[in-house]
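K.L.:
mmCIF, C-alpha atoms and all ligand atoms, saved as structure_33.cif, coming up:
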```
data_work
loop_
_atom_site.label_atom_id
_atom_site.label_comp_id
_atom_site.auth_asym_id
_atom_site.auth_seq_id
_atom_site.Cartn_x
_atom_site.Cartn_y
_atom_site.Cartn_z
CA MET A 1 -64.78 -62.71 -147.66
CA ILE A 2 -62.97 -59.52 -146.68
CA GLU A 3 -64.96 -56.72 -145.05
CA ALA A 4 -63.54 -53.28 -144.27
CA GLN A 5 -65.44 -50.66 -142.28
CA GLY A 6 -64.16 -47.09 -142.09
CA LEU A 7 -60.62 -48.43 -142.47
CA THR A 8 -58.08 -45.66 -141.90
CA LYS A 9 -54.30 -45.46 -141.71
CA ARG A 10 -52.40 -42.32 -140.86
CA TYR A 11 -48.61 -42.01 -140.87
CA GLY A 12 -48.01 -38.78 -138.97
CA ALA A 13 -49.70 -36.02 -140.95
CA LYS A 14 -50.17 -38.29 -143.98
CA THR A 15 -53.48 -40.14 -144.31
CA ALA A 16 -52.63 -43.12 -146.49
CA VAL A 17 -56.07 -44.77 -146.23
CA ASP A 18 -59.02 -42.55 -145.39
CA GLY A 19 -62.04 -44.31 -143.89
CA ILE A 20 -62.72 -46.83 -146.65
CA SER A 21 -65.49 -49.43 -146.50
CA PHE A 22 -65.74 -52.30 -148.95
CA THR A 23 -66.52 -56.01 -149.22
CA VAL A 24 -64.54 -58.52 -151.27
CA GLN A 25 -66.91 -61.35 -152.11
CA PRO A 26 -66.03 -65.06 -152.37
CA GLY A 27 -66.29 -66.84 -155.72
CA LYS A 28 -64.96 -63.87 -157.67
CA VAL A 29 -61.64 -62.32 -158.58
CA THR A 30 -61.66 -58.78 -157.23
CA GLY A 31 -59.05 -56.41 -158.57
CA PHE A 32 -57.64 -53.57 -156.48
CA LEU A 33 -56.52 -50.65 -158.63
CA GLY A 34 -55.14 -47.22 -157.99
CA PRO A 35 -52.27 -44.89 -158.86
CA ASN A 36 -48.92 -45.11 -157.04
CA GLY A 37 -49.30 -44.12 -153.43
CA ALA A 38 -53.12 -44.54 -153.48
CA GLY A 39 -53.08 -46.82 -150.42
CA LYS A 40 -53.37 -50.33 -151.91
CA SER A 41 -50.40 -51.90 -150.12
CA THR A 42 -51.30 -50.18 -146.85
CA THR A 43 -54.84 -51.58 -147.11
CA MET A 44 -53.52 -55.06 -147.86
CA ARG A 45 -51.08 -54.85 -144.95
CA MET A 46 -53.93 -53.86 -142.60
CA ILE A 47 -56.02 -56.81 -143.83
CA MET A 48 -53.06 -59.07 -143.02
CA GLY A 49 -52.57 -57.57 -139.57
CA LEU A 50 -49.14 -56.17 -140.54
CA ASP A 51 -50.25 -52.56 -140.02
CA LYS A 52 -52.61 -51.48 -137.29
CA PRO A 53 -55.53 -49.32 -138.50
CA SER A 54 -55.59 -45.78 -137.03
CA ALA A 55 -59.40 -46.15 -137.12
CA GLY A 56 -62.00 -48.57 -138.46
CA SER A 57 -61.67 -52.30 -138.84
CA VAL A 58 -61.20 -55.09 -141.31
CA THR A 59 -62.09 -58.78 -141.09
CA VAL A 60 -61.19 -61.82 -143.17
CA ASN A 61 -63.70 -64.70 -143.28
CA GLY A 62 -65.62 -62.85 -140.56
CA ALA A 63 -62.81 -62.33 -138.04
CA PRO A 64 -59.82 -60.02 -137.60
CA TYR A 65 -56.56 -61.52 -138.85
CA ALA A 66 -55.00 -61.33 -135.38
CA SER A 67 -57.65 -63.71 -134.01
CA PHE A 68 -56.64 -66.62 -136.30
CA ARG A 69 -54.88 -69.46 -134.54
CA SER A 70 -53.87 -70.91 -137.89
CA PRO A 71 -53.66 -67.87 -140.23
CA LEU A 72 -52.13 -69.69 -143.24
CA THR A 73 -55.22 -71.87 -143.49
CA GLU A 74 -57.54 -68.82 -143.47
CA VAL A 75 -55.74 -66.35 -145.72
CA GLY A 76 -52.73 -66.65 -147.99
CA ALA A 77 -50.92 -63.52 -149.08
CA LEU A 78 -48.28 -62.41 -151.50
CA LEU A 79 -47.30 -58.95 -150.44
CA GLU A 80 -45.23 -56.45 -152.38
CA ALA A 81 -41.62 -57.22 -153.30
CA LYS A 82 -40.93 -59.23 -150.20
CA ALA A 83 -37.98 -61.14 -151.59
CA VAL A 84 -36.97 -64.03 -149.38
CA HIS A 85 -33.21 -63.67 -149.03
CA THR A 86 -32.28 -67.01 -147.70
CA GLY A 87 -29.74 -69.72 -148.16
CA ARG A 88 -32.52 -72.30 -147.84
CA SER A 89 -33.86 -74.18 -150.81
CA ALA A 90 -37.38 -73.38 -152.02
CA ARG A 91 -38.61 -76.73 -150.67
CA ASN A 92 -37.01 -76.18 -147.26
CA HIS A 93 -38.33 -72.62 -147.10
CA LEU A 94 -41.85 -73.94 -147.69
CA ARG A 95 -41.33 -76.85 -145.28
CA ALA A 96 -40.25 -74.43 -142.54
CA LEU A 97 -43.37 -72.34 -143.16
CA ALA A 98 -45.53 -75.49 -143.26
CA ALA A 99 -44.09 -76.69 -139.95
CA THR A 100 -45.48 -73.60 -138.16
CA HIS A 101 -48.98 -74.79 -139.11
CA ALA A 102 -48.55 -78.57 -139.00
CA ILE A 103 -48.96 -78.67 -142.78
CA SER A 104 -47.70 -81.90 -144.36
CA ASP A 105 -44.66 -82.28 -146.64
CA LYS A 106 -47.10 -83.73 -149.18
CA ARG A 107 -48.87 -80.36 -149.36
CA VAL A 108 -45.48 -78.64 -149.78
CA ASP A 109 -44.76 -80.84 -152.81
CA GLU A 110 -48.27 -80.15 -154.15
CA VAL A 111 -47.80 -76.36 -154.09
CA ILE A 112 -44.31 -76.70 -155.59
CA GLU A 113 -45.85 -78.57 -158.49
CA MET A 114 -48.83 -76.19 -158.80
CA THR A 115 -46.51 -73.19 -159.08
CA GLY A 116 -44.12 -74.78 -161.57
CA LEU A 117 -41.17 -74.80 -159.17
CA THR A 118 -40.42 -78.55 -159.25
CA ALA A 119 -37.22 -78.18 -161.29
CA VAL A 120 -35.78 -75.52 -158.95
CA ALA A 121 -37.21 -76.75 -155.63
CA LYS A 122 -33.74 -77.72 -154.37
CA ARG A 123 -32.12 -74.45 -155.42
CA ARG A 124 -31.19 -71.76 -152.95
CA VAL A 125 -33.99 -69.17 -152.78
CA GLY A 126 -31.45 -66.33 -152.49
CA GLY A 127 -30.47 -66.96 -156.12
CA PHE A 128 -34.01 -66.90 -157.49
CA SER A 129 -35.04 -64.52 -160.29
CA LEU A 130 -37.88 -62.08 -159.64
CA GLY A 131 -40.31 -64.38 -161.47
CA MET A 132 -39.24 -67.47 -159.54
CA GLY A 133 -39.51 -65.48 -156.31
CA GLN A 134 -43.08 -64.51 -157.27
CA ARG A 135 -43.94 -68.16 -157.89
CA LEU A 136 -42.48 -69.07 -154.51
CA GLY A 137 -44.52 -66.28 -152.88
CA ILE A 138 -47.66 -67.65 -154.52
CA ALA A 139 -46.72 -71.18 -153.38
CA SER A 140 -46.42 -69.84 -149.80
CA ALA A 141 -49.82 -68.16 -150.10
CA LEU A 142 -51.42 -71.41 -151.28
CA LEU A 143 -49.71 -73.62 -148.72
CA GLY A 144 -52.48 -73.64 -146.10
CA ASP A 145 -55.22 -74.13 -148.76
CA PRO A 146 -56.83 -70.87 -147.53
CA ARG A 147 -60.34 -69.64 -148.31
CA THR A 148 -59.03 -66.15 -149.00
CA LEU A 149 -56.06 -65.01 -151.07
CA ILE A 150 -54.51 -61.56 -151.19
CA LEU A 151 -52.00 -61.00 -153.95
CA ASP A 152 -50.19 -57.68 -154.33
CA GLU A 153 -48.87 -57.36 -157.91
CA PRO A 154 -48.71 -61.15 -158.46
CA VAL A 155 -47.61 -60.89 -162.10
CA ASN A 156 -44.75 -58.51 -161.34
CA GLY A 157 -41.63 -59.93 -162.99
CA LEU A 158 -43.37 -62.89 -164.60
CA ASP A 159 -42.87 -63.75 -168.27
CA PRO A 160 -45.94 -64.03 -170.58
CA GLU A 161 -46.37 -67.72 -169.75
CA GLY A 162 -46.24 -66.86 -166.04
CA VAL A 163 -48.76 -64.04 -166.46
CA LEU A 164 -51.17 -66.41 -168.22
CA TRP A 165 -50.59 -69.00 -165.49
CA VAL A 166 -51.47 -66.51 -162.71
CA ARG A 167 -54.59 -65.46 -164.65
CA ASN A 168 -55.81 -69.04 -164.96
CA LEU A 169 -54.82 -69.93 -161.40
CA VAL A 170 -56.70 -67.06 -159.75
CA LYS A 171 -59.77 -67.65 -161.90
CA TYR A 172 -59.68 -71.32 -160.91
CA LEU A 173 -59.28 -70.47 -157.21
CA ALA A 174 -62.27 -68.12 -157.41
CA SER A 175 -64.32 -70.76 -159.25
CA GLU A 176 -63.73 -73.02 -156.25
CA GLY A 177 -65.56 -70.41 -154.15
CA ARG A 178 -62.50 -68.72 -152.66
CA THR A 179 -62.11 -64.99 -152.15
CA VAL A 180 -59.37 -63.61 -154.38
CA PHE A 181 -58.21 -60.00 -153.97
CA LEU A 182 -55.38 -58.85 -156.18
CA SER A 183 -53.68 -55.63 -157.18
CA SER A 184 -51.96 -54.88 -160.46
CA HIS A 185 -50.99 -51.86 -162.51
CA LEU A 186 -51.45 -53.86 -165.73
CA MET A 187 -54.88 -52.82 -166.94
CA THR A 188 -55.19 -55.24 -169.85
CA GLU A 189 -54.32 -58.12 -167.56
CA MET A 190 -56.73 -56.90 -164.89
CA ALA A 191 -59.55 -56.62 -167.45
CA LEU A 192 -58.90 -60.24 -168.48
CA THR A 193 -58.62 -61.56 -164.92
CA ALA A 194 -60.98 -59.70 -162.59
CA ASP A 195 -64.77 -59.95 -162.30
CA HIS A 196 -65.08 -57.03 -159.93
CA LEU A 197 -62.94 -53.96 -159.25
CA ILE A 198 -62.29 -51.65 -156.36
CA VAL A 199 -60.51 -48.48 -157.45
CA ILE A 200 -58.79 -46.32 -154.85
CA GLY A 201 -57.27 -42.86 -155.18
CA ARG A 202 -55.52 -40.86 -152.44
CA GLY A 203 -56.89 -43.20 -149.78
CA HIS A 204 -60.54 -42.98 -150.96
CA ILE A 205 -62.64 -45.47 -152.92
CA ILE A 206 -63.49 -43.95 -156.27
CA ALA A 207 -65.22 -46.97 -157.86
CA ASP A 208 -66.47 -50.34 -156.67
CA GLY A 209 -68.33 -52.50 -159.17
CA PRO A 210 -68.25 -55.20 -161.85
CA VAL A 211 -65.49 -54.69 -164.45
CA ASP A 212 -67.98 -54.23 -167.32
CA GLU A 213 -69.87 -51.55 -165.40
CA ILE A 214 -66.70 -49.66 -164.57
CA ILE A 215 -65.60 -49.74 -168.22
CA ALA A 216 -69.04 -48.64 -169.41
CA ARG A 217 -69.14 -45.80 -166.87
CA GLY A 218 -65.69 -44.47 -167.66
CA THR A 219 -65.68 -44.78 -171.45
CA LYS A 220 -67.79 -43.95 -174.45
CA SER A 221 -69.16 -47.02 -176.21
CA THR A 222 -69.78 -46.54 -179.90
CA VAL A 223 -70.95 -48.69 -182.80
CA ARG A 224 -69.03 -48.91 -186.07
CA VAL A 225 -71.37 -49.14 -189.04
CA ARG A 226 -70.41 -49.79 -192.63
CA SER A 227 -73.04 -49.37 -195.30
CA PRO A 228 -73.17 -48.48 -198.98
CA HIS A 229 -76.07 -46.19 -197.96
CA ALA A 230 -74.24 -44.48 -195.08
CA ASP A 231 -75.71 -41.02 -195.69
CA GLN A 232 -79.30 -42.33 -195.76
CA LEU A 233 -78.62 -44.41 -192.67
CA ALA A 234 -77.18 -41.39 -190.82
CA ALA A 235 -80.37 -39.50 -191.69
CA ALA A 236 -82.49 -42.43 -190.42
CA LEU A 237 -80.65 -42.35 -187.10
CA VAL A 238 -81.25 -38.68 -186.31
CA ARG A 239 -82.38 -38.34 -182.65
CA PRO A 240 -81.36 -35.79 -180.03
CA GLU A 241 -79.37 -38.42 -178.08
CA VAL A 242 -77.58 -39.94 -181.10
CA THR A 243 -74.33 -38.60 -182.57
CA VAL A 244 -73.23 -39.93 -185.94
CA THR A 245 -69.74 -39.22 -187.24
CA THR A 246 -68.66 -40.08 -190.78
CA LYS A 247 -65.17 -41.59 -190.50
CA GLU A 248 -64.73 -42.17 -194.24
CA ALA A 249 -67.04 -42.78 -197.21
CA GLY A 250 -69.45 -45.56 -196.20
CA LEU A 251 -68.20 -45.78 -192.59
CA LEU A 252 -70.05 -44.28 -189.61
CA GLU A 253 -69.32 -44.15 -185.91
CA VAL A 254 -72.51 -43.95 -183.88
CA PHE A 255 -72.71 -42.87 -180.27
CA GLY A 256 -75.94 -43.00 -178.27
CA ALA A 257 -77.65 -45.95 -180.00
CA THR A 258 -77.12 -49.70 -179.57
CA ALA A 259 -76.19 -52.06 -182.42
CA GLU A 260 -79.73 -53.49 -182.16
CA GLN A 261 -81.35 -50.05 -182.55
CA ILE A 262 -79.12 -49.25 -185.54
CA GLY A 263 -79.84 -52.64 -187.14
CA ASP A 264 -83.60 -52.10 -186.66
CA ALA A 265 -83.42 -48.58 -188.10
CA ALA A 266 -81.50 -49.89 -191.13
CA ALA A 267 -84.02 -52.69 -191.69
CA ALA A 268 -86.97 -50.31 -191.36
CA ALA A 269 -85.43 -48.01 -193.99
CA ARG A 270 -84.46 -51.06 -196.14
CA LEU A 271 -80.78 -50.09 -196.09
CA THR A 272 -78.04 -52.71 -196.48
CA LEU A 273 -75.42 -53.01 -193.74
CA HIS A 274 -71.92 -54.41 -194.35
CA GLU A 275 -70.74 -54.09 -190.76
CA LEU A 276 -72.30 -53.43 -187.35
CA THR A 277 -69.71 -53.63 -184.58
CA PRO A 278 -70.16 -52.42 -181.00
CA ILE A 279 -66.86 -50.91 -179.82
CA SER A 280 -66.50 -50.76 -176.05
CA GLY A 281 -63.81 -48.76 -174.33
CA SER A 282 -60.88 -50.33 -172.53
CA LEU A 283 -60.31 -50.61 -168.80
CA GLU A 284 -57.21 -48.47 -169.27
CA GLU A 285 -59.33 -45.63 -170.70
CA ALA A 286 -61.90 -45.97 -167.90
CA TYR A 287 -59.16 -46.08 -165.27
CA MET A 288 -57.49 -42.95 -166.67
CA THR A 289 -60.81 -41.09 -166.58
CA LEU A 290 -61.63 -42.29 -163.05
CA THR A 291 -58.24 -41.48 -161.58
CA ALA A 292 -57.51 -38.30 -163.55
CA ASP A 293 -57.71 -36.15 -160.41
CA GLU A 294 -56.27 -38.72 -158.03
CA VAL A 295 -52.74 -39.16 -159.30
CA GLU A 296 -50.27 -38.15 -156.61
CA TYR A 297 -47.06 -38.66 -158.53
CA ARG A 298 -47.37 -37.29 -162.04
CA SER A 299 -44.68 -36.85 -164.63
CA ASP A 300 -44.56 -33.23 -165.81
CA SER A 301 -42.66 -33.72 -169.03
CA PRO A 302 -44.95 -34.24 -171.99
CA ILE A 303 -44.50 -37.60 -173.68
CA PRO A 304 -45.10 -37.64 -177.44
CA THR A 305 -48.06 -39.86 -178.22
CA THR A 306 -47.32 -40.10 -181.93
CA GLU A 307 -44.34 -41.53 -183.73
CA PRO A 308 -41.32 -39.21 -183.53
CA ALA A 309 -40.98 -37.07 -186.64
CA THR A 310 -38.65 -38.49 -189.25
CA LEU A 311 -35.36 -36.64 -189.53
CA THR A 312 -34.92 -34.55 -192.65
CA LYS A 313 -31.98 -35.25 -194.94
CA THR A 314 -30.18 -32.13 -193.64
CA GLU A 315 -30.67 -33.22 -190.01
CA VAL A 316 -29.32 -36.67 -190.79
CA ALA A 317 -26.27 -35.14 -192.49
CA ARG A 318 -25.44 -32.98 -189.42
N1 LIG F 1 -44.48 -46.59 -143.43
C1 LIG F 1 -44.91 -45.47 -144.00
N2 LIG F 1 -44.61 -44.26 -143.47
C2 LIG F 1 -45.05 -43.12 -144.03
N3 LIG F 1 -45.81 -43.07 -145.15
C3 LIG F 1 -46.15 -44.23 -145.71
C4 LIG F 1 -45.72 -45.50 -145.19
N4 LIG F 1 -46.23 -46.48 -145.97
C5 LIG F 1 -46.91 -45.86 -146.96
N5 LIG F 1 -46.87 -44.51 -146.80
C6 LIG F 1 -47.54 -43.52 -147.66
O1 LIG F 1 -48.89 -43.85 -147.74
C7 LIG F 1 -49.40 -43.67 -149.07
C8 LIG F 1 -49.97 -44.97 -149.56
O2 LIG F 1 -48.91 -45.89 -149.84
P1 LIG F 1 -49.14 -47.35 -150.39
O3 LIG F 1 -47.80 -48.01 -150.46
O4 LIG F 1 -50.19 -48.02 -149.61
O5 LIG F 1 -49.68 -47.06 -151.85
P2 LIG F 1 -49.90 -48.07 -153.07
O6 LIG F 1 -51.26 -47.76 -153.60
O7 LIG F 1 -49.61 -49.45 -152.66
O8 LIG F 1 -48.80 -47.55 -154.10
P3 LIG F 1 -47.94 -48.34 -155.22
O9 LIG F 1 -48.86 -48.57 -156.37
O10 LIG F 1 -46.89 -47.33 -155.55
O11 LIG F 1 -47.41 -49.59 -154.60
C9 LIG F 1 -48.21 -43.14 -149.88
O12 LIG F 1 -48.31 -41.74 -149.96
C10 LIG F 1 -47.02 -43.58 -149.10
O13 LIG F 1 -45.95 -42.68 -149.29
#
```
Just dump the structure as structure tokens.
Ligand SMILES: Nc1ncnc2c1ncn2[C@@H]1O[C@H](COP(=O)(O)OP(=O)(O)OP(=O)(O)O)[C@@H](O)[C@H]1O

P.N.:
Amino acid sequence: MIEAQGLTKRYGAKTAVDGISFTVQPGKVTGFLGPNGAGKSTTMRMIMGLDKPSAGSVTVNGAPYASFRSPLTEVGALLEAKAVHTGRSARNHLRALAATHAISDKRVDEVIEMTGLTAVAKRRVGGFSLGMGQRLGIASALLGDPRTLILDEPVNGLDPEGVLWVRNLVKYLASEGRTVFLSSHLMTEMALTADHLIVIGRGHIIADGPVDEIIARGTKSTVRVRSPHADQLAAALVRPEVTVTTKEAGLLEVFGATAEQIGDAAAAARLTLHELTPISGSLEEAYMTLTADEVEYRSDSPIPTTEPATLTKTEVAR
């Protein structure tokens, strides 16, 4: 468990983290989201005792990080882009780390295997690709078999197989009752991986809740209905809170009523349905809504959201 109380970090006049309080529960994957510069890495560094809070406090498994006599066995961390530039092999790098905590060579070999590094374990870490470096970082985090894991952008640089592997690994670690706290800018991946989300913007918490709740709160859920009697069905659904839009002949989009309510209304009016599909919004949409006012670094140039216009024959000839 990770518990933060009024956690604050100021760098001169800049308040990077502004009095945040939150709890990361064991047995779940908790995602940490926020725009660039929101304060995620600073928060993670304070949890790991690498940055001293200007005010407030944070504990891991009930105690401040600095109080651990054997930190690797309490909390494992992969922190942002901390490439290990070393002439040591991956195995020797892990053995050196293990030696500081009296962790056995057997455990080193176990984490090498778990992270898919067996084939490159004897290779010099300095020559590792970004993805291999991430795997080594995860191996280091797992080394002490800790109850809590903190992973900053763990899928950064990983190929699709690696991304899937991290997803399954963190879910498995959480299912074992561990606390897993991870950040990522990849919304689709986060929606597939996390159970719970903490969203931060400009050093403040802007949402803290189960993924489904955050998606439901930040998006508009609709129901797609196909019926040969679409007009009659639309009439049967008239209520002040329900909005029905005709997308094309026989196809309705209904907002403000559940699929069950629409199905019941259709049955009561003896109208045939050919499709009844609840459409929920995406985490990306919810995130964009939540953080709309919190983005510190925004690109000013408009980016076309549709396909670029096709060149005319005259333009091509020029
Ligand atoms: N050592 C430092 N000195 C001064 N300002 C800092 C320092 N570290 C971070 N900051 C500032 O604090 C704010 C929070 O930074 P932080 O790296 O925690 O954000 P983040 O959410 O991790 O961003 P990203 O998604 O880009 O990694 C930023 O405005 C950043 O410029």

K.L.:
I need the residue nearest Arg45 in chain A from this list: A:Ala96, A:Glu110, A:Ile150, A:Asp18. Use all atoms listed in the file for the distance.

P.N.:
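Ranked by minimum distance to Arg45 in chain A, first place goes to A:Ile150.
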
K.L.:
With distances taken over only C-alpha atoms, which of A:Ala257, A:Val17, A:Ala266, A:Leu97 is nearest to Leu233 in chain A?

P.N.:
A:Ala266

K.L.:
Could you please extract the residues within 9 Å of ligand LIG 1 (chain F), counting all atoms listed in the file, and hand them back as a VMD selection string?

P.N.:
chain A and resid 9 to 12 14 to 17 33 to 45 51 80 152 to 153 183 to 185 200 to 203 296

K.L.:
Can you tell me which residues surround Arg69 in chain A at a distance of at most 12 Å, considering only C-alpha atoms, apart from same-chain residues fewer than 5 positions away, and format the answer as a list of chain:residue names?

P.N.:
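Everything that qualifies: A:Ala63, A:Pro64, A:Glu74, A:Val75, A:Thr100, A:His101, A:Ala102.
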
K.L.:
For those residues, write C-alpha atoms to a file as a PDB file, in the coordinates of the input.

P.N.:
```
ATOM      1  CA  ALA A  63     -62.810 -62.330-138.040  1.00  0.00           C
ATOM      2  CA  PRO A  64     -59.820 -60.020-137.600  1.00  0.00           C
ATOM      3  CA  GLU A  74     -57.540 -68.820-143.470  1.00  0.00           C
ATOM      4  CA  VAL A  75     -55.740 -66.350-145.720  1.00  0.00           C
ATOM      5  CA  THR A 100     -45.480 -73.600-138.160  1.00  0.00           C
ATOM      6  CA  HIS A 101     -48.980 -74.790-139.110  1.00  0.00           C
ATOM      7  CA  ALA A 102     -48.550 -78.570-139.000  1.00  0.00           C
TER       8      ALA A 102
END
```

K.L.:
Please report the interatomic distance between CA of Leu7 in chain A and CA of Val155 in chain A in Å with one decimal.

P.N.:
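Computed distance, CA of Leu7 in chain A to CA of Val155 in chain A, equals 26.6 Å.
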
K.L.:
Figure out the distance between CA of Ala141 in chain A and CA of Glu284 in chain A, please, to one decimal in Å.

P.N.:
28.5 Å

K.L.:
Tell me which protein, DNA and RNA residues are within 12 Å of Gly116 in chain A, counting all atoms listed in the file, leaving out same-chain ones fewer than 3 positions away, and put them as a PyMOL selection string.

P.N.:
chain A and resi 90+109-113+119-121+131-136+138-139+161-162+165-166+169

K.L.:
Could you give me, as a PyMOL selection string, the residues within 10 Å of range 86-89 of chain A, counting only C-alpha atoms and dropping anything in the same chain fewer than 2 positions from it?

P.N.:
chain A and resi 83-84+91-96+120-128

K.L.:
List as a list in words the protein and nucleic acid residues near Thr193 in chain A, meaning an atom at most 9 Å away when all atoms listed in the file are counted, but skip any in the same chain fewer than 3 places from it.

P.N.:
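With the cut-off at 9 Å, the set is Val29, Thr30, Gly31, Val166, Arg167, Asn168, Val170, Lys171, Thr188, Glu189 and Met190 of chain A.
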
K.L.:
Pick out the closest residue to Ile47 in chain A from this set: A:Gly27, A:Gly250, A:Gly157, A:Gly76. Count all atoms listed in the file.

P.N.:
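Residue with the minimum atom-to-atom distance to Ile47 in chain A: A:Gly76.
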
K.L.:
Between A:Ser57, A:Thr73, A:Ser104, A:Thr272, which residue has the minimum interatomic distance to Gly144 in chain A, considering all atoms listed in the file?

P.N.:
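Closest residue, counting all atoms listed in the file: A:Thr73.
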
K.L.:
Counting all atoms listed in the file, which of A:Ala268, A:Leu273, A:Ser282, A:Ala207 gets nearest to Met187 in chain A?

P.N.:
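When distances to Met187 in chain A are compared using all atoms listed in the file, the smallest one comes from A:Ser282.
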
K.L.:
Find the distance between CA of Leu271 in chain A and CA of Leu237 in chain A and write it in Å to one decimal.

P.N.:
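Going from CA of Leu271 in chain A over to CA of Leu237 in chain A, I get 11.9 Å.
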
K.L.:
Which residues come within 7 Å of Glu285 in chain A, counting all atoms listed in the file, excluding same-chain residues fewer than 4 positions away, as a PyMOL selection string?

P.N.:
chain A and resi 219+281+289

K.L.:
Taking the partial coordinates given, rebuild range 43-61 of chain A to contain N, CA and C atoms; return it as a PDB file, in the frame of the given file.

P.N.:
```
ATOM      1  N   THR A  43     -53.573 -50.876-147.366  1.00  0.00           N
ATOM      2  CA  THR A  43     -54.840 -51.580-147.110  1.00  0.00           C
ATOM      3  C   THR A  43     -54.585 -53.078-146.974  1.00  0.00           C
ATOM      4  N   MET A  44     -53.797 -53.620-147.899  1.00  0.00           N
ATOM      5  CA  MET A  44     -53.520 -55.060-147.860  1.00  0.00           C
ATOM      6  C   MET A  44     -52.762 -55.428-146.590  1.00  0.00           C
ATOM      7  N   ARG A  45     -51.843 -54.561-146.187  1.00  0.00           N
ATOM      8  CA  ARG A  45     -51.080 -54.850-144.950  1.00  0.00           C
ATOM      9  C   ARG A  45     -52.009 -54.816-143.734  1.00  0.00           C
ATOM     10  N   MET A  46     -52.987 -53.906-143.740  1.00  0.00           N
ATOM     11  CA  MET A  46     -53.930 -53.860-142.600  1.00  0.00           C
ATOM     12  C   MET A  46     -54.799 -55.115-142.591  1.00  0.00           C
ATOM     13  N   ILE A  47     -55.205 -55.582-143.770  1.00  0.00           N
ATOM     14  CA  ILE A  47     -56.020 -56.810-143.830  1.00  0.00           C
ATOM     15  C   ILE A  47     -55.226 -57.958-143.209  1.00  0.00           C
ATOM     16  N   MET A  48     -53.926 -57.981-143.495  1.00  0.00           N
ATOM     17  CA  MET A  48     -53.060 -59.070-143.020  1.00  0.00           C
ATOM     18  C   MET A  48     -52.506 -58.835-141.624  1.00  0.00           C
ATOM     19  N   GLY A  49     -53.013 -57.822-140.948  1.00  0.00           N
ATOM     20  CA  GLY A  49     -52.570 -57.570-139.570  1.00  0.00           C
ATOM     21  C   GLY A  49     -51.132 -57.090-139.459  1.00  0.00           C
ATOM     22  N   LEU A  50     -50.545 -56.623-140.578  1.00  0.00           N
ATOM     23  CA  LEU A  50     -49.140 -56.170-140.540  1.00  0.00           C
ATOM     24  C   LEU A  50     -49.049 -54.690-140.209  1.00  0.00           C
ATOM     25  N   ASP A  51     -50.157 -53.972-140.385  1.00  0.00           N
ATOM     26  CA  ASP A  51     -50.250 -52.560-140.020  1.00  0.00           C
ATOM     27  C   ASP A  51     -51.515 -52.415-139.207  1.00  0.00           C
ATOM     28  N   LYS A  52     -51.446 -51.634-138.148  1.00  0.00           N
ATOM     29  CA  LYS A  52     -52.610 -51.480-137.290  1.00  0.00           C
ATOM     30  C   LYS A  52     -53.427 -50.299-137.812  1.00  0.00           C
ATOM     31  N   PRO A  53     -54.739 -50.468-138.042  1.00  0.00           N
ATOM     32  CA  PRO A  53     -55.530 -49.320-138.500  1.00  0.00           C
ATOM     33  C   PRO A  53     -55.515 -48.189-137.468  1.00  0.00           C
ATOM     34  N   SER A  54     -55.487 -46.923-137.950  1.00  0.00           N
ATOM     35  CA  SER A  54     -55.590 -45.780-137.030  1.00  0.00           C
ATOM     36  C   SER A  54     -57.047 -45.668-136.594  1.00  0.00           C
ATOM     37  N   ALA A  55     -57.974 -46.111-137.462  1.00  0.00           N
ATOM     38  CA  ALA A  55     -59.400 -46.150-137.120  1.00  0.00           C
ATOM     39  C   ALA A  55     -60.066 -47.174-138.025  1.00  0.00           C
ATOM     40  N   GLY A  56     -61.259 -47.603-137.658  1.00  0.00           N
ATOM     41  CA  GLY A  56     -62.000 -48.570-138.460  1.00  0.00           C
ATOM     42  C   GLY A  56     -61.494 -49.985-138.236  1.00  0.00           C
ATOM     43  N   SER A  57     -62.036 -50.899-139.033  1.00  0.00           N
ATOM     44  CA  SER A  57     -61.670 -52.300-138.840  1.00  0.00           C
ATOM     45  C   SER A  57     -61.746 -53.069-140.146  1.00  0.00           C
ATOM     46  N   VAL A  58     -61.115 -54.220-140.142  1.00  0.00           N
ATOM     47  CA  VAL A  58     -61.200 -55.090-141.310  1.00  0.00           C
ATOM     48  C   VAL A  58     -61.189 -56.542-140.835  1.00  0.00           C
ATOM     49  N   THR A  59     -62.048 -57.355-141.452  1.00  0.00           N
ATOM     50  CA  THR A  59     -62.090 -58.780-141.090  1.00  0.00           C
ATOM     51  C   THR A  59     -61.876 -59.637-142.334  1.00  0.00           C
ATOM     52  N   VAL A  60     -61.363 -60.827-142.101  1.00  0.00           N
ATOM     53  CA  VAL A  60     -61.190 -61.820-143.170  1.00  0.00           C
ATOM     54  C   VAL A  60     -61.989 -63.046-142.732  1.00  0.00           C
ATOM     55  N   ASN A  61     -62.816 -63.557-143.599  1.00  0.00           N
ATOM     56  CA  ASN A  61     -63.700 -64.700-143.280  1.00  0.00           C
ATOM     57  C   ASN A  61     -64.428 -64.451-141.962  1.00  0.00           C
TER      58      ASN A  61
END
```
